[in-house]
4 protein chains.
Amino acid sequence: MIRVGVIGYGYWGPNIVRNLQGLDSAQVVAVCDRIPAAQKRAKHAFPSVEVTSDANEILCSPNIDAVAVITPVWTHFELAKAALENGKHVFVEKPFTSASGQAEVLIELAQKRDLKIMVDHTFLFTGAVKKIRQLIDQGELGDLYYYDSMRVNLGLFQHDIDVIWDLAPHDLSIMDYLIQNEPEAVVATGETHLNSHADVAFLTVYFPHNTIAHINVNWLSPVKIRTTLIGGEKKMLVWNDLEADEKVKVYDKGVRIGNREGVYELLVSYRSGDMWAPKIEQTEALKVELAYFLDCIEKNETPFNDGVAGLRVVKMLEAARESLKLRGETVLV
Amino acid sequence: MIRVGVIGYGYWGPNIVRNLQGLDSAQVVAVCDRIPAAQKRAKHAFPSVEVTSDANEILCSPNIDAVAVITPVWTHFELAKAALENGKHVFVEKPFTSASGQAEVLIELAQKRDLKIMVDHTFLFTGAVKKIRQLIDQGELGDLYYYDSMRVNLGLFQHDIDVIWDLAPHDLSIMDYLIQNEPEAVVATGETHLNSHADVAFLTVYFPHNTIAHINVNWLSPVKIRTTLIGGEKKMLVWNDLEADEKVKVYDKGVRIGNREGVYELLVSYRSGDMWAPKIEQTEALKVELAYFLDCIEKNETPFNDGVAGLRVVKMLEAARESLKLRGETVLV
Amino acid sequence: MIRVGVIGYGYWGPNIVRNLQGLDSAQVVAVCDRIPAAQKRAKHAFPSVEVTSDANEILCSPNIDAVAVITPVWTHFELAKAALENGKHVFVEKPFTSASGQAEVLIELAQKRDLKIMVDHTFLFTGAVKKIRQLIDQGELGDLYYYDSMRVNLGLFQHDIDVIWDLAPHDLSIMDYLIQNEPEAVVATGETHLNSHADVAFLTVYFPHNTIAHINVNWLSPVKIRTTLIGGEKKMLVWNDLEADEKVKVYDKGVRIGNREGVYELLVSYRSGDMWAPKIEQTEALKVELAYFLDCIEKNETPFNDGVAGLRVVKMLEAARESLKLRGETVLV
Amino acid sequence: MIRVGVIGYGYWGPNIVRNLQGLDSAQVVAVCDRIPAAQKRAKHAFPSVEVTSDANEILCSPNIDAVAVITPVWTHFELAKAALENGKHVFVEKPFTSASGQAEVLIELAQKRDLKIMVDHTFLFTGAVKKIRQLIDQGELGDLYYYDSMRVNLGLFQHDIDVIWDLAPHDLSIMDYLIQNEPEAVVATGETHLNSHADVAFLTVYFPHNTIAHINVNWLSPVKIRTTLIGGEKKMLVWNDLEADEKVKVYDKGVRIGNREGVYELLVSYRSGDMWAPKIEQTEALKVELAYFLDCIEKNETPFNDGVAGLRVVKMLEAARESLKLRGETVLV
């Protein structure tokens, strides 16, 4: 039984507590939030859990094995550092940290103390992303041409970060998980309309072997869109996360370009076959992820979404921030 | 009655001839194409029209008042120049020319000779774009925040130009028509997979007053998408050109950000009201455009999609080409 | 504060308890279910509520003011009757009773005792149905031509009733609420494939003034569909309950038929204008309904979805059952 | 080369002429229409074809081998009869005739004269219906449970027939082709709002072995819907004829009902697997059908959509008309 303390009970924290309480291998011992209303909500929903306004009660408690840091990103470093220094495993909300230097410190600290860090890249535990990864690993799509994602809607403005730091970590972590290669360069464009942070932004990430990724994030869209196109040499797919049933559609479509000898014009031939929507596992991703976190602690294994994976995402966010400031200058990663 | 010669009878040429033949104020006198199969098709479809393989027969004919140049872009300049020098009005396929210098020469030449140039930005004559322009002019949307368009599908590879020069002129001309302001800078990213030209590309155009435009073009998408989001201060809209009926949906949605006195956090309030899909005129856009071309000639008026409008698009295409080559460096327009 | 006892804690019961607990004017005192697993779930979710396996504990308790009967339809009569006889108000799951005679007994009993009966026609409290009713009452649609609903998917087979008694009460109560007229005749067709009860069925209800209603219910559909077309003299609408945002779309479309004097052929003219999706209230319907139930008790007012409304639905279900047995013979209501 | 005369050049006639002209094995010799405007349109579109206002010129011409009767249904019998009596093969628009007795006369006449009759059930030649038939014949769906079709929109009112005779022949012929069994009984309900004929109607057809078909036709729908659900013992499919690409979706979904020994409740188990959209042939159905007609004549073979198939549809239409008049009484076929 792993005893967990949860710091931060705002929008996402309640989901963490609820899912941990549903797992046999965990027990939520304490919840911390500075805001009285959040404390009240936590007490009402989980009467048996201790609720505090002081993070140190969790960070220093001898009765806690692991800490979940579900707070704004600028607080991640201090909280996670204190937790690790007190010998506790850490589950951190995405993005991992505000700066790559902070992430490196935490990774080193965890390694020295033989503790686990897991960054909450929840989407990697959805049935859809797992199925897409499986299709890629089985060679169904062939070499990857592009990853193109749109993640837009109206609502949930953040005050301390821009739309890239808020929404792009989802796609950056998915892209990192699917493309399985080091990015070469990042280009980010965008604009600020209502606040001091960009609310509309477009991100391109260049990878080796002509693979390109593109992420469209927007807090000001009248409609909600969560659609990703993934094109490969052999097949292509569309992942629409808003579809209830057929989230992933695989198209047996392609194009082949040949050169007839001595002929100036290229020969293009299109292939168009069946479409296929594989059955997607429906389990709640966060539950699967938290069970995996507990499992990694118990078996002393390194999670694939560890601090190093979190650092890769932070590096791309930093590059994007720099590029955005320069109105799209290319920034090498 | 304006007598027209049409040069180029490939994919688009037949639509030009068919629509001109349906107008009372025009008569198609001759059609030219170098390829025998195209000549055969033209003869079969329009037995009464003269068909030739020699463009000069049209360019020099004393019986022709206007020439439609419906050929690959790299031939536009020579053909349009010859037509103007022979005293003929010119209707040119988009993009106007391969280089802005060429466009400037043509514009000057037409001005001197008092001839009309019209660039075939067909979308400006669709019911959808006309309705959107009307909503903007009436102040329905308020100040424009962004124009974000996706124009992707599988098929119709071009051999002599990249996907930006092929597909983006549509959006660049629409954006130019709707935003009604001079672009400041262009950023283009993209990748080449099958050919020597980019087949996937993403374009950002910066405008004054924080207006931003973004265009996503892709020859390698498994699905056809033609969706544009336009966000304004007051309202936002979605234009889905593939919808049969409700092409334009206007959302009474918005966000307002205030600052409570002495309070650190911003106050965000969302507004969400009705959605409204105005009735869209269904007339074939090309027919409306060609009628307008003939009308401008007869009334000696300058079309709004004249050479100058075409030049604006070519300048953005040139900037995009340069930016794309440098993997997204910002290029001032 | 109204003290409520809930009998039946299967699929729907937990929603009743949760919503009642969220209302200030109610207190759930006891929950009853015969099945041990259900009792366990109830205890776990609501530790402060008494859980019993004996309905009489609720029916006879002096500390209970109102009873919610959330059990299979064949038990409704006995339970509701006992509750009324013990002086308790009754909230009954739909359909009201297994037979119209039972409904009449309950209505009379409640009247004598001055107690309230409310039948759980939840859909009448959704934002969508309330908006449609408002459009009808304001004359926006004009005279009603038809109500045509499709309610199909795979899953949730019932063992004791057919697909009409299971799914059609939703549409019958909505239709009753919107058309506001007495039905004249019912025709039901359908077929049984897997069980002894029909799993696919089609229901037509004839109303005065040429209004017709049609309900398509199916337990064996590969896809979930919840779409209702409502056609009126002036306007028509589509209600798609599975749409997240634009649930109700009102079409300014119509047809007018005239007779030119002395001319044999009719003159048909179509009208096609804007489409409009009004903002729909998002509050959970069951919560609104239960608050209304408590309110009716407190103010001693008769709910519009009372026993009499429930009886009208049961009569149509009885007619449908008879018609279905005869493979579609017309049954007068 | 088969010489064809086409009688009737209204809405559908031009498609017949255009497709026949595109086939090498046919030559349209003459077109007849009583209305001057139609004659003018025919002359303009097909300058080489003789145009007449007198059907007898076609019916009696020694230079014509086959006659296409593309006129209102009440004229089919006289025209087809005359054509057959003059030794000509006949292609007749659907529905075949106004009455089954007429159909029987024509069938007998054709048989005596060794002539072909083909009824224009165009949908049987679409890629979608051919693919569905293939899936059924291969046993992919298992035993058929139901065929449920919706065919509604606003527009194209007919003055001489009701909505069943206008729209249902499509589904009746498809259903006949797919179910491959004799119908037992028909139930039709519907209502008349604007005219003397029903404009909204619902049709149920009972088949042996618990197969049931249902057809929903409506001239007064604000939206166009062309969706058919087909449920089988093993798999189920949705055919949406308005989808550009994925017209047919096959669902690996099902339900199995068992009986645990000695247990009251039935055991229901649902199966939910992949969805699969097979590639559908895109050739224009009418072209394929007309080529088949010519082929049957040349090879002296009986088309599967012959007069007997047309008669089966007319019999169901007659039964539907009778049932509709009686507000849904069951009519045995």
# chains A, B, ... in the order shown; residues from 1 in each chain; ligands from 1

$ interface_residues --of "chain D" --to "chain A" --cutoff "8 Å" --atoms "only C-alpha atoms" --output "count of residues only"
9

$ residues_around --residues "A:Asp241" --least-positions-apart "6" --cutoff "9 Å" --atoms "only C-alpha atoms" --output "mmCIF file with C-alpha atoms, in the first residue's frame"
data_model
loop_
_atom_site.group_PDB
_atom_site.id
_atom_site.type_symbol
_atom_site.label_atom_id
_atom_site.label_comp_id
_atom_site.auth_asym_id
_atom_site.auth_seq_id
_atom_site.Cartn_x
_atom_site.Cartn_y
_atom_site.Cartn_z
ATOM 1 C CA ALA A 128 -6.381 5.939 -28.759
ATOM 2 C CA ILE A 225 -11.659 20.631 -32.114
ATOM 3 C CA ARG A 226 -9.352 17.803 -31.070
ATOM 4 C CA THR A 227 -8.221 16.312 -34.356
ATOM 5 C CA THR A 228 -4.848 14.880 -35.294
ATOM 6 C CA LYS A 247 -11.856 7.850 -32.442
ATOM 7 C CA VAL A 248 -9.143 6.464 -34.711
#

$ residues_around --residues "stretch 197-206 of chain A" --least-positions-apart "5" --cutoff "6 Å" --atoms "only C-alpha atoms" --output "list in words"
Asp162, Val163, Pro183, Glu184, Ala185, Val186, Val187, Ala188, Thr189, Gly190, Glu191, Thr192, Ile212, Ala213, His214, Ile215, Asn216, Val217, Asn218 and Trp219 of chain A

$ write_last_selection --atoms "C-alpha atoms" --output "short mmCIF file (atom, residue, chain, number, x, y, z; two decimals), in the first residue's frame"
data_model
loop_
_atom_site.label_atom_id
_atom_site.label_comp_id
_atom_site.auth_asym_id
_atom_site.auth_seq_id
_atom_site.Cartn_x
_atom_site.Cartn_y
_atom_site.Cartn_z
CA ASP A 162 0.56 31.25 -22.70
CA VAL A 163 -1.57 28.91 -24.79
CA PRO A 183 13.54 17.05 -32.64
CA GLU A 184 15.92 19.26 -34.61
CA ALA A 185 14.25 22.66 -34.60
CA VAL A 186 11.14 24.46 -33.45
CA VAL A 187 9.23 27.35 -35.07
CA ALA A 188 6.40 29.03 -33.20
CA THR A 189 4.11 31.82 -34.31
CA GLY A 190 1.12 33.26 -32.53
CA GLU A 191 -0.61 36.33 -31.25
CA THR A 192 -1.84 37.92 -28.04
CA ILE A 212 7.41 17.16 -39.44
CA ALA A 213 5.03 17.93 -36.61
CA HIS A 214 2.58 20.79 -36.39
CA ILE A 215 0.42 21.84 -33.47
CA ASN A 216 -2.41 24.37 -33.62
CA VAL A 217 -3.52 25.64 -30.20
CA ASN A 218 -6.14 28.31 -29.64
CA TRP A 219 -8.05 29.54 -26.58
#

$ residues_around --residues "C:Val288" --least-positions-apart "2" --cutoff "10 Å" --atoms "only C-alpha atoms" --output "MDAnalysis selection string"
chainID C and resid 19 23 122 124:126 283:286 290:293

$ write_last_selection --atoms "all heavy atoms" --output "CSV table (one decimal), in the first residue's frame"
chain,number,residue,atom,x,y,z
C,19,ASN,N,-28.9,13.5,-6.8
C,19,ASN,CA,-29.5,14.7,-7.1
C,19,ASN,C,-30.3,15.3,-5.9
C,19,ASN,O,-30.3,16.5,-5.6
C,19,ASN,CB,-30.4,14.7,-8.4
C,19,ASN,CG,-29.5,14.9,-9.6
C,19,ASN,OD1,-29.1,16.0,-9.9
C,19,ASN,ND2,-29.3,13.9,-10.4
C,23,LEU,N,-29.8,18.9,-3.3
C,23,LEU,CA,-30.9,19.9,-3.1
C,23,LEU,C,-31.1,20.3,-1.7
C,23,LEU,O,-31.1,19.4,-0.8
C,23,LEU,CB,-32.2,19.4,-3.7
C,23,LEU,CG,-32.2,19.3,-5.2
C,23,LEU,CD1,-33.5,18.5,-5.7
C,23,LEU,CD2,-32.2,20.6,-5.9
C,122,THR,N,-38.2,12.6,-17.4
C,122,THR,CA,-37.0,13.5,-17.2
C,122,THR,C,-36.8,14.4,-18.4
C,122,THR,O,-36.4,15.6,-18.2
C,122,THR,CB,-35.7,12.7,-17.0
C,122,THR,OG1,-36.0,11.5,-16.3
C,122,THR,CG2,-34.6,13.5,-16.3
C,124,LEU,N,-38.6,16.1,-20.2
C,124,LEU,CA,-39.4,17.3,-20.2
C,124,LEU,C,-38.7,18.5,-19.4
C,124,LEU,O,-39.0,19.6,-19.5
C,124,LEU,CB,-40.8,17.1,-19.5
C,124,LEU,CG,-41.6,15.9,-20.1
C,124,LEU,CD1,-43.0,15.9,-19.5
C,124,LEU,CD2,-41.6,16.0,-21.6
C,125,PHE,N,-37.6,18.1,-18.7
C,125,PHE,CA,-36.9,19.1,-17.9
C,125,PHE,C,-35.5,19.4,-18.5
C,125,PHE,O,-34.7,20.1,-17.9
C,125,PHE,CB,-36.8,18.6,-16.5
C,125,PHE,CG,-38.1,18.5,-15.8
C,125,PHE,CD1,-38.9,17.4,-15.9
C,125,PHE,CD2,-38.6,19.6,-15.1
C,125,PHE,CE1,-40.1,17.3,-15.3
C,125,PHE,CE2,-39.9,19.5,-14.5
C,125,PHE,CZ,-40.6,18.4,-14.6
C,126,THR,N,-35.3,18.9,-19.7
C,126,THR,CA,-34.0,19.2,-20.4
C,126,THR,C,-34.2,20.6,-21.1
C,126,THR,O,-35.3,21.0,-21.4
C,126,THR,CB,-33.7,18.2,-21.5
C,126,THR,OG1,-34.8,18.2,-22.5
C,126,THR,CG2,-33.5,16.8,-21.0
C,283,THR,N,-28.3,22.8,-17.4
C,283,THR,CA,-28.5,22.2,-16.1
C,283,THR,C,-29.0,20.7,-16.2
C,283,THR,O,-29.7,20.4,-17.1
C,283,THR,CB,-29.6,23.0,-15.3
C,283,THR,OG1,-29.5,24.3,-15.7
C,283,THR,CG2,-29.3,22.8,-13.8
C,284,GLU,N,-28.5,19.9,-15.3
C,284,GLU,CA,-28.9,18.5,-15.4
C,284,GLU,C,-30.5,18.4,-15.2
C,284,GLU,O,-31.0,18.9,-14.2
C,284,GLU,CB,-28.2,17.7,-14.3
C,284,GLU,CG,-28.4,16.2,-14.4
C,284,GLU,CD,-27.7,15.4,-13.3
C,284,GLU,OE1,-26.8,16.0,-12.6
C,284,GLU,OE2,-27.9,14.2,-13.2
C,285,ALA,N,-31.1,17.7,-16.1
C,285,ALA,CA,-32.6,17.7,-16.1
C,285,ALA,C,-33.2,17.1,-14.9
C,285,ALA,O,-34.1,17.6,-14.3
C,285,ALA,CB,-33.1,17.0,-17.4
C,286,LEU,N,-32.6,16.0,-14.4
C,286,LEU,CA,-33.1,15.3,-13.2
C,286,LEU,C,-33.1,16.2,-12.0
C,286,LEU,O,-34.0,16.1,-11.2
C,286,LEU,CB,-32.3,14.0,-13.0
C,286,LEU,CG,-32.8,13.1,-11.9
C,286,LEU,CD1,-34.3,12.7,-12.1
C,286,LEU,CD2,-32.0,11.8,-11.9
C,290,LEU,N,-36.4,17.1,-9.9
C,290,LEU,CA,-36.6,16.8,-8.5
C,290,LEU,C,-36.9,18.1,-7.7
C,290,LEU,O,-37.7,18.1,-6.7
C,290,LEU,CB,-35.4,16.0,-8.0
C,290,LEU,CG,-35.3,14.6,-8.5
C,290,LEU,CD1,-33.9,14.0,-8.2
C,290,LEU,CD2,-36.4,13.7,-7.9
C,291,ALA,N,-36.2,19.2,-8.0
C,291,ALA,CA,-36.4,20.4,-7.3
C,291,ALA,C,-37.9,20.8,-7.5
C,291,ALA,O,-38.6,21.3,-6.6
C,291,ALA,CB,-35.5,21.5,-7.8
C,292,TYR,N,-38.4,20.6,-8.7
C,292,TYR,CA,-39.8,21.0,-9.1
C,292,TYR,C,-40.7,20.1,-8.3
C,292,TYR,O,-41.8,20.5,-7.8
C,292,TYR,CB,-40.0,20.8,-10.6
C,292,TYR,CG,-41.4,21.0,-11.1
C,292,TYR,CD1,-42.1,22.2,-10.9
C,292,TYR,CD2,-42.1,19.9,-11.7
C,292,TYR,CE1,-43.4,22.3,-11.4
C,292,TYR,CE2,-43.4,20.0,-12.1
C,292,TYR,CZ,-44.0,21.3,-12.0
C,292,TYR,OH,-45.3,21.4,-12.5
C,293,PHE,N,-40.4,18.8,-8.1
C,293,PHE,CA,-41.2,17.9,-7.3
C,293,PHE,C,-41.3,18.4,-5.9
C,293,PHE,O,-42.4,18.5,-5.3
C,293,PHE,CB,-40.6,16.5,-7.3
C,293,PHE,CG,-41.3,15.5,-6.5
C,293,PHE,CD1,-42.6,15.2,-6.6
C,293,PHE,CD2,-40.5,14.7,-5.5
C,293,PHE,CE1,-43.2,14.2,-5.8
C,293,PHE,CE2,-41.2,13.8,-4.7
C,293,PHE,CZ,-42.5,13.5,-4.9

$ residues_around --residues "stretch 95-97 of chain C" --least-positions-apart "6" --cutoff "7 Å" --atoms "only C-alpha atoms" --output "list of chain:residue names"
C:Val73, C:Trp74, C:His76, C:Phe77, C:Ala103, C:Val119, C:Pro169, C:Gly310, C:Leu311, C:Val314

$ write_last_selection --atoms "N, CA and C atoms" --output "PDB file, in the first residue's frame"
ATOM      1  N   VAL C  73     -41.193  -1.695 -13.791  1.00  0.00           N
ATOM      2  CA  VAL C  73     -42.550  -1.165 -13.942  1.00  0.00           C
ATOM      3  C   VAL C  73     -43.616  -2.041 -13.291  1.00  0.00           C
ATOM      4  N   TRP C  74     -43.437  -3.366 -13.305  1.00  0.00           N
ATOM      5  CA  TRP C  74     -44.499  -4.232 -12.774  1.00  0.00           C
ATOM      6  C   TRP C  74     -44.644  -4.116 -11.255  1.00  0.00           C
ATOM      7  N   HIS C  76     -44.456  -0.976  -9.762  1.00  0.00           N
ATOM      8  CA  HIS C  76     -44.822   0.414  -9.463  1.00  0.00           C
ATOM      9  C   HIS C  76     -46.139   0.527  -8.706  1.00  0.00           C
ATOM     10  N   PHE C  77     -47.151  -0.213  -9.197  1.00  0.00           N
ATOM     11  CA  PHE C  77     -48.496  -0.040  -8.640  1.00  0.00           C
ATOM     12  C   PHE C  77     -48.534  -0.358  -7.151  1.00  0.00           C
ATOM     13  N   ALA C 103     -53.071   2.984 -13.035  1.00  0.00           N
ATOM     14  CA  ALA C 103     -52.783   4.420 -12.974  1.00  0.00           C
ATOM     15  C   ALA C 103     -53.984   5.179 -12.458  1.00  0.00           C
ATOM     16  N   VAL C 119     -44.577  11.645 -12.288  1.00  0.00           N
ATOM     17  CA  VAL C 119     -43.972  10.571 -13.076  1.00  0.00           C
ATOM     18  C   VAL C 119     -42.674  11.098 -13.687  1.00  0.00           C
ATOM     19  N   PRO C 169     -41.545   5.529 -23.922  1.00  0.00           N
ATOM     20  CA  PRO C 169     -42.100   6.501 -22.969  1.00  0.00           C
ATOM     21  C   PRO C 169     -41.418   7.864 -23.045  1.00  0.00           C
ATOM     22  N   GLY C 310     -48.859  10.760 -16.757  1.00  0.00           N
ATOM     23  CA  GLY C 310     -48.338   9.391 -16.805  1.00  0.00           C
ATOM     24  C   GLY C 310     -49.354   8.433 -17.387  1.00  0.00           C
ATOM     25  N   LEU C 311     -50.632   8.634 -17.030  1.00  0.00           N
ATOM     26  CA  LEU C 311     -51.704   7.779 -17.549  1.00  0.00           C
ATOM     27  C   LEU C 311     -51.836   7.905 -19.072  1.00  0.00           C
ATOM     28  N   VAL C 314     -49.259   5.739 -20.550  1.00  0.00           N
ATOM     29  CA  VAL C 314     -49.577   4.310 -20.379  1.00  0.00           C
ATOM     30  C   VAL C 314     -50.662   3.879 -21.358  1.00  0.00           C
TER      31      VAL C 314
END

$ select_by_dssp --residues "stretch 121-293 of chain C" --states "helix (DSSP H, G or I)" --output "number ranges by chain"
C: 122-125, 127-137, 163-179, 285-293

$ select_by_dssp --residues "stretch 76-144 of chain C" --states "strand (DSSP E or B)" --output "number ranges by chain"
C: 89-93, 117-120, 144

$ residues_around --residues "D:Tyr145" --least-positions-apart "4" --cutoff "7 Å" --atoms "only C-alpha atoms" --output "list of chain:residue names"
C:His193, D:Asn210, D:Thr211, D:Ile212, D:Gly231, D:Gly232, D:Glu233

$ atom_distance --atom1 "atom CA of B:Ile179" --atom2 "atom CA of B:Asp114"
28.9 Å

$ atom_distance --atom1 "atom CA of B:Val28" --atom2 "atom CA of B:Val4"
4.8 Å

$ residues_around --residues "A:Thr52" --least-positions-apart "2" --cutoff "7 Å" --atoms "only C-alpha atoms" --output "PDB file with N, CA and C atoms, in the first residue's frame"
ATOM      1  N   VAL A  31      -4.503  15.855   1.617  1.00  0.00           N
ATOM      2  CA  VAL A  31      -4.676  16.742   0.463  1.00  0.00           C
ATOM      3  C   VAL A  31      -4.362  18.150   0.943  1.00  0.00           C
ATOM      4  N   CYS A  32      -3.638  18.921   0.131  1.00  0.00           N
ATOM      5  CA  CYS A  32      -3.292  20.282   0.502  1.00  0.00           C
ATOM      6  C   CYS A  32      -3.747  21.272  -0.551  1.00  0.00           C
ATOM      7  N   ASP A  33      -4.348  22.352  -0.143  1.00  0.00           N
ATOM      8  CA  ASP A  33      -4.631  23.466  -1.049  1.00  0.00           C
ATOM      9  C   ASP A  33      -4.671  24.739  -0.208  1.00  0.00           C
ATOM     10  N   GLU A  50      -7.205  13.622   5.359  1.00  0.00           N
ATOM     11  CA  GLU A  50      -6.789  14.838   6.041  1.00  0.00           C
ATOM     12  C   GLU A  50      -6.627  15.976   5.039  1.00  0.00           C
ATOM     13  N   ASP A  54      -1.140  23.661   4.407  1.00  0.00           N
ATOM     14  CA  ASP A  54       0.314  23.770   4.471  1.00  0.00           C
ATOM     15  C   ASP A  54       0.981  22.594   3.756  1.00  0.00           C
TER      16      ASP A  54
END

$ atom_distance --atom1 "atom CA of D:Ile117" --atom2 "atom CA of D:His89"
6.1 Å

$ decode --residues "stretch 91-104 of chain D" --atoms "N, CA, C and O atoms" --output "JSON list (two decimals), in the first residue's frame"
[["chain", "number", "residue", "atom", "x", "y", "z"],
["D", 91, "PHE", "N", -37.25, 0.04, -71.43],
["D", 91, "PHE", "CA", -36.63, 0.46, -70.17],
["D", 91, "PHE", "C", -37.60, 1.45, -69.54],
["D", 91, "PHE", "O", -37.91, 2.49, -70.13],
["D", 92, "VAL", "N", -38.16, 1.12, -68.36],
["D", 92, "VAL", "CA", -39.21, 1.93, -67.78],
["D", 92, "VAL", "C", -38.77, 2.55, -66.46],
["D", 92, "VAL", "O", -38.19, 1.87, -65.60],
["D", 93, "GLU", "N", -39.09, 3.81, -66.32],
["D", 93, "GLU", "CA", -38.82, 4.50, -65.07],
["D", 93, "GLU", "C", -39.57, 3.82, -63.92],
["D", 93, "GLU", "O", -40.61, 3.23, -64.12],
["D", 94, "LYS", "N", -39.04, 3.91, -62.69],
["D", 94, "LYS", "CA", -39.72, 3.35, -61.53],
["D", 94, "LYS", "C", -40.74, 4.36, -61.03],
["D", 94, "LYS", "O", -40.49, 5.56, -61.20],
["D", 95, "PRO", "N", -41.86, 3.98, -60.39],
["D", 95, "PRO", "CA", -42.32, 2.59, -60.29],
["D", 95, "PRO", "C", -42.83, 2.10, -61.65],
["D", 95, "PRO", "O", -43.29, 2.90, -62.47],
["D", 96, "PHE", "N", -42.77, 0.79, -61.82],
["D", 96, "PHE", "CA", -43.04, 0.16, -63.11],
["D", 96, "PHE", "C", -44.38, 0.63, -63.70],
["D", 96, "PHE", "O", -44.44, 1.18, -64.80],
["D", 97, "THR", "N", -45.46, 0.41, -62.94],
["D", 97, "THR", "CA", -46.80, 0.79, -63.43],
["D", 97, "THR", "C", -47.64, 1.31, -62.26],
["D", 97, "THR", "O", -47.24, 1.21, -61.11],
["D", 98, "SER", "N", -48.83, 1.81, -62.59],
["D", 98, "SER", "CA", -49.74, 2.32, -61.56],
["D", 98, "SER", "C", -50.49, 1.20, -60.86],
["D", 98, "SER", "O", -51.08, 1.42, -59.80],
["D", 99, "ALA", "N", -50.50, 0.03, -61.47],
["D", 99, "ALA", "CA", -51.28, -1.07, -60.90],
["D", 99, "ALA", "C", -50.61, -2.38, -61.27],
["D", 99, "ALA", "O", -49.99, -2.50, -62.33],
["D", 100, "SER", "N", -50.77, -3.38, -60.39],
["D", 100, "SER", "CA", -50.10, -4.65, -60.64],
["D", 100, "SER", "C", -50.68, -5.35, -61.87],
["D", 100, "SER", "O", -49.95, -6.04, -62.59],
["D", 101, "GLY", "N", -51.98, -5.17, -62.11],
["D", 101, "GLY", "CA", -52.58, -5.79, -63.29],
["D", 101, "GLY", "C", -51.89, -5.33, -64.56],
["D", 101, "GLY", "O", -51.61, -6.13, -65.47],
["D", 102, "GLN", "N", -51.59, -4.04, -64.65],
["D", 102, "GLN", "CA", -50.88, -3.51, -65.80],
["D", 102, "GLN", "C", -49.51, -4.17, -65.95],
["D", 102, "GLN", "O", -49.09, -4.54, -67.05],
["D", 103, "ALA", "N", -48.82, -4.30, -64.84],
["D", 103, "ALA", "CA", -47.49, -4.90, -64.87],
["D", 103, "ALA", "C", -47.56, -6.32, -65.41],
["D", 103, "ALA", "O", -46.74, -6.74, -66.23],
["D", 104, "GLU", "N", -48.60, -7.06, -64.98],
["D", 104, "GLU", "CA", -48.73, -8.45, -65.42],
["D", 104, "GLU", "C", -48.96, -8.53, -66.93],
["D", 104, "GLU", "O", -48.42, -9.39, -67.61]]
